[in-house]
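Peer 1: Before we start, here is the structure in question, set down as structure tokens.
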Amino acid sequence: MRQRVAAVDCGTNSIRLLIADIDPERTVLTDIAREMRIVRLGEGVDRTGRLSPAALDRTIGALREYAGLIAQASPAAVRMVATSATRDAENAEEFVDRVKEVLGVAPEVVTGDEEARLSFIGATRELTDTPAPYLVTDIGGGSTEFVLGGPEGVWGGRSVDIGCVRMTERHLHSDPPSEAEIAAATADIDSALELVAASIPAERASTLVGLAGSVTTVAGIALGLASYDPERIHHSRIPAAQVHGIATGLLGQTRAQRAAIGVMHPGRVDVIGGGALVLDRIMTRFGFSEVLVSEHDILDGMAWSLVR
């Protein structure tokens, strides 16, 4: 029997909504609505330790839109998860109170491990013909999650603070970034990846599955798309050499040049270089020849978690 559920994922850079009908017997998830808004909730958190009033207002504004769509769809259950920015912020309680007022449910400020587990479920539930084990990597705004596992479940995971927004704010300040800035970001990423390598046996994975906007944007560029096309991007396979070339190219471009790329969401223009660099360094460090790109991620995992 199909069940209708709604999931909201509030990250450092974006807030997203999925309303879906799920048939647990056939293992089928059907989208009713899938929305994304760039709100930059985590803007400045790495520096100030607080969510800014402007960032909170942008996020709550988008959430009001989502609350209207949820009310129209009448799901049986709603879940909202908030990730890296709200884990780090001193004023997270203000955010929680405002969300409850608008949405009627409190956001769960999940740990990096739980975030990774939900992303793994969403990304791999439909991979019936793809070699396991899988290393699922979700490159967010503030952090990147890694989880290793197979069809039988999760073996281990790790969250590290190398998201696209965080890398941009820490290191990539010039337009385009200087060689010294890129080198500093690369060293920061590589240091974090050593923590991942010490935590999980990533080398055991047969398939790298890449999630979130930095990965899907790189895939859209690799596929030569004139505009963003999630159906073309979902389950595309992008070779490591192409990822490296795109990351290098993006870091060498000005903001205006990046903004002119057809698949580029306006909210990713400033941070895509950092996100592409994270993906490139992951593939280099763990020796993957390609990345399998998934449009299904933590949102889909949250939706599956609501099914009785």
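Going by the structure tokens order, chains are called A, B, ..., each with residues numbered from 1, while ligands are numbered from 1 in the order shown.
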If you count only C-alpha atoms, which residues fall within 8 Å of A:Leu299, apart from same-chain ones fewer than 2 positions away, as JSON, numbers by chain?
Peer 2: {"A": [7, 8, 9, 16, 17, 18, 118, 119, 122, 296, 297, 301, 302, 303]}
Peer 1: Can you list, as an mmCIF file with C-alpha atoms, in the first residue's frame, all residues belonging to stretch 88-225 of chain A that DSSP tags as alpha helix (DSSP H)?
Peer 2:
```
data_model
loop_
_atom_site.group_PDB
_atom_site.id
_atom_site.type_symbol
_atom_site.label_atom_id
_atom_site.label_comp_id
_atom_site.auth_asym_id
_atom_site.auth_seq_id
_atom_site.Cartn_x
_atom_site.Cartn_y
_atom_site.Cartn_z
ATOM 1 C CA ASP A 88 27.817 24.582 14.476
ATOM 2 C CA ALA A 92 20.484 27.111 16.795
ATOM 3 C CA GLU A 93 17.574 27.324 19.269
ATOM 4 C CA GLU A 94 16.206 30.431 17.519
ATOM 5 C CA PHE A 95 16.224 28.520 14.235
ATOM 6 C CA VAL A 96 14.400 25.554 15.793
ATOM 7 C CA ASP A 97 11.682 27.796 17.277
ATOM 8 C CA ARG A 98 11.030 29.572 13.972
ATOM 9 C CA VAL A 99 10.841 26.289 12.067
ATOM 10 C CA LYS A 100 8.283 24.860 14.505
ATOM 11 C CA GLU A 101 6.170 27.985 14.104
ATOM 12 C CA VAL A 102 6.088 27.660 10.293
ATOM 13 C CA LEU A 103 6.181 23.907 9.665
ATOM 14 C CA GLY A 112 27.115 13.623 10.741
ATOM 15 C CA ASP A 113 26.840 9.846 11.122
ATOM 16 C CA GLU A 114 23.038 9.890 10.908
ATOM 17 C CA GLU A 115 23.190 12.281 7.955
ATOM 18 C CA ALA A 116 25.506 9.851 6.194
ATOM 19 C CA ARG A 117 23.251 6.859 6.930
ATOM 20 C CA LEU A 118 20.183 8.601 5.506
ATOM 21 C CA SER A 119 22.128 9.672 2.414
ATOM 22 C CA PHE A 120 23.307 6.100 1.902
ATOM 23 C CA ILE A 121 19.769 4.711 2.044
ATOM 24 C CA GLY A 122 18.465 7.312 -0.390
ATOM 25 C CA ALA A 123 21.332 6.903 -2.850
ATOM 26 C CA THR A 124 21.609 3.110 -2.948
ATOM 27 C CA CYS A 164 31.902 23.839 -0.739
ATOM 28 C CA VAL A 165 30.865 26.940 1.235
ATOM 29 C CA ARG A 166 33.369 26.299 4.022
ATOM 30 C CA MET A 167 36.259 25.800 1.563
ATOM 31 C CA THR A 168 35.308 28.966 -0.322
ATOM 32 C CA GLU A 169 35.022 31.095 2.815
ATOM 33 C CA ARG A 170 38.239 29.715 4.296
ATOM 34 C CA GLU A 179 47.397 29.286 -6.891
ATOM 35 C CA ALA A 180 48.225 29.794 -3.217
ATOM 36 C CA GLU A 181 44.528 29.802 -2.275
ATOM 37 C CA ILE A 182 43.873 26.630 -4.260
ATOM 38 C CA ALA A 183 46.909 24.980 -2.669
ATOM 39 C CA ALA A 184 45.648 25.881 0.818
ATOM 40 C CA ALA A 185 42.178 24.490 0.063
ATOM 41 C CA THR A 186 43.706 21.319 -1.379
ATOM 42 C CA ALA A 187 45.836 20.789 1.725
ATOM 43 C CA ASP A 188 42.795 21.336 3.958
ATOM 44 C CA ILE A 189 40.747 18.800 1.983
ATOM 45 C CA ASP A 190 43.557 16.237 1.869
ATOM 46 C CA SER A 191 44.044 16.497 5.626
ATOM 47 C CA ALA A 192 40.342 15.811 6.191
ATOM 48 C CA LEU A 193 40.430 12.847 3.804
ATOM 49 C CA GLU A 194 43.159 11.280 5.919
ATOM 50 C CA LEU A 195 40.669 11.328 8.817
ATOM 51 C CA VAL A 196 38.179 9.523 6.581
ATOM 52 C CA ALA A 197 40.779 6.941 5.576
ATOM 53 C CA ALA A 198 41.582 6.298 9.239
ATOM 54 C CA SER A 199 37.885 5.850 10.077
ATOM 55 C CA GLY A 213 24.717 20.011 -5.974
ATOM 56 C CA SER A 214 28.476 20.203 -6.448
ATOM 57 C CA VAL A 215 28.565 16.668 -7.885
ATOM 58 C CA THR A 216 25.467 17.037 -10.056
ATOM 59 C CA THR A 217 26.706 20.373 -11.424
ATOM 60 C CA VAL A 218 30.061 18.831 -12.358
ATOM 61 C CA ALA A 219 28.134 16.009 -14.049
ATOM 62 C CA GLY A 220 25.993 18.474 -16.006
ATOM 63 C CA ILE A 221 29.132 20.230 -17.246
ATOM 64 C CA ALA A 222 30.736 16.882 -18.148
#
```
Peer 1: Could you name the residues that touch A:Gly287 at 12 Å or less, counting only C-alpha atoms, but leaving out those on the same chain fewer than 2 positions away, as a list of chain:residue names?
Peer 2: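 The neighbour list is A:Leu135, A:Ala202, A:Glu203, A:Arg204, A:Ala205, A:Ser206, A:Thr207, A:Leu208, A:Pro239, A:Ala240, A:Ala241, A:Leu279, A:Asp280, A:Arg281, A:Ile282, A:Met283, A:Thr284, A:Arg285, A:Ser289, A:Glu290, A:Val291.
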Peer 1: Print the selection's residues with C-alpha atoms to a file, as a short mmCIF file (atom, residue, chain, number, x, y, z; two decimals), in the first residue's frame.
Peer 2:
```
data_model
loop_
_atom_site.label_atom_id
_atom_site.label_comp_id
_atom_site.auth_asym_id
_atom_site.auth_seq_id
_atom_site.Cartn_x
_atom_site.Cartn_y
_atom_site.Cartn_z
CA LEU A 135 31.23 4.54 -0.90
CA ALA A 202 37.12 3.24 1.79
CA GLU A 203 39.47 1.29 -0.47
CA ARG A 204 37.12 -1.71 -0.18
CA ALA A 205 34.42 0.11 -2.18
CA SER A 206 33.74 -1.00 -5.75
CA THR A 207 31.59 2.04 -6.62
CA LEU A 208 31.84 5.72 -5.64
CA PRO A 239 35.50 9.61 -15.35
CA ALA A 240 38.09 10.86 -12.87
CA ALA A 241 40.13 12.61 -15.54
CA LEU A 279 35.17 15.73 -5.44
CA ASP A 280 38.44 15.69 -7.40
CA ARG A 281 40.53 15.15 -4.26
CA ILE A 282 38.22 12.34 -3.04
CA MET A 283 38.65 10.47 -6.32
CA THR A 284 42.40 10.99 -6.27
CA ARG A 285 42.86 9.96 -2.63
CA SER A 289 38.26 5.81 -11.88
CA GLU A 290 34.73 7.26 -12.07
CA VAL A 291 31.88 8.61 -9.96
#
```
Peer 1: Residues of stretch 58-213 of chain A classed as strand (DSSP E or B) by DSSP on the backbone are to be reported as a PyMOL selection string.
Peer 2: chain A and resi 77-82+108-109+134-139+144-150+153-160+207-211
Peer 1: If we count only C-alpha atoms, what is near stretch 255-268 of chain A at a cut-off of 7 Å, once residues fewer than 5 positions away on the same chain are taken out, given as a PyMOL selection string?
Peer 2: chain A and resi 38+175+217+220-221+225-228+250
Peer 1: Using only C-alpha atoms, determine which residues lie at most 10 Å from A:Pro75, disregarding the query and same-chain residues fewer than 3 positions distant; provide the list as a compact mmCIF listing (two decimals) with N, CA and C atoms, in the first residue's frame.
Peer 2:
```txt
# COMPACT_ATOMS: atom_id res chain seq x y z
N GLN A 3 2.22 4.99 0.58
CA GLN A 3 2.14 5.96 1.67
C GLN A 3 2.74 7.28 1.19
N ARG A 4 2.06 8.39 1.49
CA ARG A 4 2.57 9.71 1.11
C ARG A 4 3.29 10.34 2.29
N VAL A 5 4.51 10.81 2.04
CA VAL A 5 5.33 11.40 3.08
C VAL A 5 6.00 12.66 2.54
N ALA A 6 6.49 13.50 3.46
CA ALA A 6 7.20 14.72 3.08
C ALA A 6 8.48 14.84 3.88
N ALA A 7 9.55 15.26 3.21
CA ALA A 7 10.85 15.41 3.86
C ALA A 7 11.45 16.75 3.47
N ILE A 19 8.17 15.62 -1.55
CA ILE A 19 6.90 14.99 -1.23
C ILE A 19 6.79 13.79 -2.16
N ALA A 20 6.58 12.61 -1.60
CA ALA A 20 6.63 11.39 -2.40
C ALA A 20 5.60 10.38 -1.94
N ASP A 21 5.17 9.55 -2.90
CA ASP A 21 4.38 8.36 -2.60
C ASP A 21 5.32 7.17 -2.64
N ILE A 70 3.22 21.32 1.30
CA ILE A 70 2.95 20.16 2.15
C ILE A 70 1.48 20.13 2.56
N ALA A 71 0.93 21.28 2.91
CA ALA A 71 -0.47 21.35 3.31
C ALA A 71 -1.39 20.89 2.18
N GLN A 72 -1.06 21.27 0.94
CA GLN A 72 -1.86 20.85 -0.21
C GLN A 72 -1.79 19.35 -0.45
N VAL A 78 5.66 13.94 8.22
CA VAL A 78 6.61 14.97 7.78
C VAL A 78 7.86 14.87 8.64
```
Peer 1: Point out the residue among A:Ala82, A:Val243, A:Val307, A:Ile272 with the least atom-to-atom distance to A:Thr111, counting only C-alpha atoms.
Peer 2: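 The closest residue to A:Thr111 is A:Ala82.
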Peer 1: Would you mind telling me which residue in A:Pro24, A:Gly140, A:Gly274, A:Gly11 lies nearest to A:Leu306 when using only C-alpha atoms?
Peer 2: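 Closest to A:Leu306, using only C-alpha atoms: A:Pro24.
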Peer 1: What's around A:Pro151 at 8 Å? Count only C-alpha atoms, leave out sequence neighbours fewer than 4 positions away in its own chain, and write the answer as a list in words.
Peer 2: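 The neighbour list is Thr124, Arg125, Ala132 and Pro133 of chain A.
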Peer 1: Take the selection from the previous step and output its residues with C-alpha atoms, as a PDB file, in the first residue's frame.
Peer 2:
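Generated output (again_1.pdb):
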```pdb
ATOM      1  CA  THR A 124      21.609   3.110  -2.948  1.00  0.00           C
ATOM      2  CA  ARG A 125      18.083   1.711  -2.485  1.00  0.00           C
ATOM      3  CA  ALA A 132      28.884  -3.210  -4.172  1.00  0.00           C
ATOM      4  CA  PRO A 133      30.281  -2.207  -1.713  1.00  0.00           C
TER       5      PRO A 133
END
```
Peer 1: Record the distance separating atom CA of A:Met36 and atom CA of A:Ala73, expressed in Å with one decimal.
Peer 2: 17.2 Å
Peer 1: Figure out the distance between atom CA of A:Val269 and atom CA of A:Gln253, please, to one decimal in Å.
Peer 2: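 According to the coordinates, atom CA of A:Gln253 and atom CA of A:Val269 are separated by 10.6 Å.
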Peer 1: Measuring atom to atom with only C-alpha atoms, identify which of A:Glu65, A:Arg26, A:Tyr134, A:Arg47 is nearest to A:Glu152.
Peer 2: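 Closest to A:Glu152 of all the choices is A:Tyr134.
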Peer 1: For A:Ile200, which of A:Val293, A:Val105, A:Ala54, A:Leu148 is the closest residue, counting only C-alpha atoms?
Peer 2: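 For A:Ile200, the nearest of the candidates is A:Leu148.
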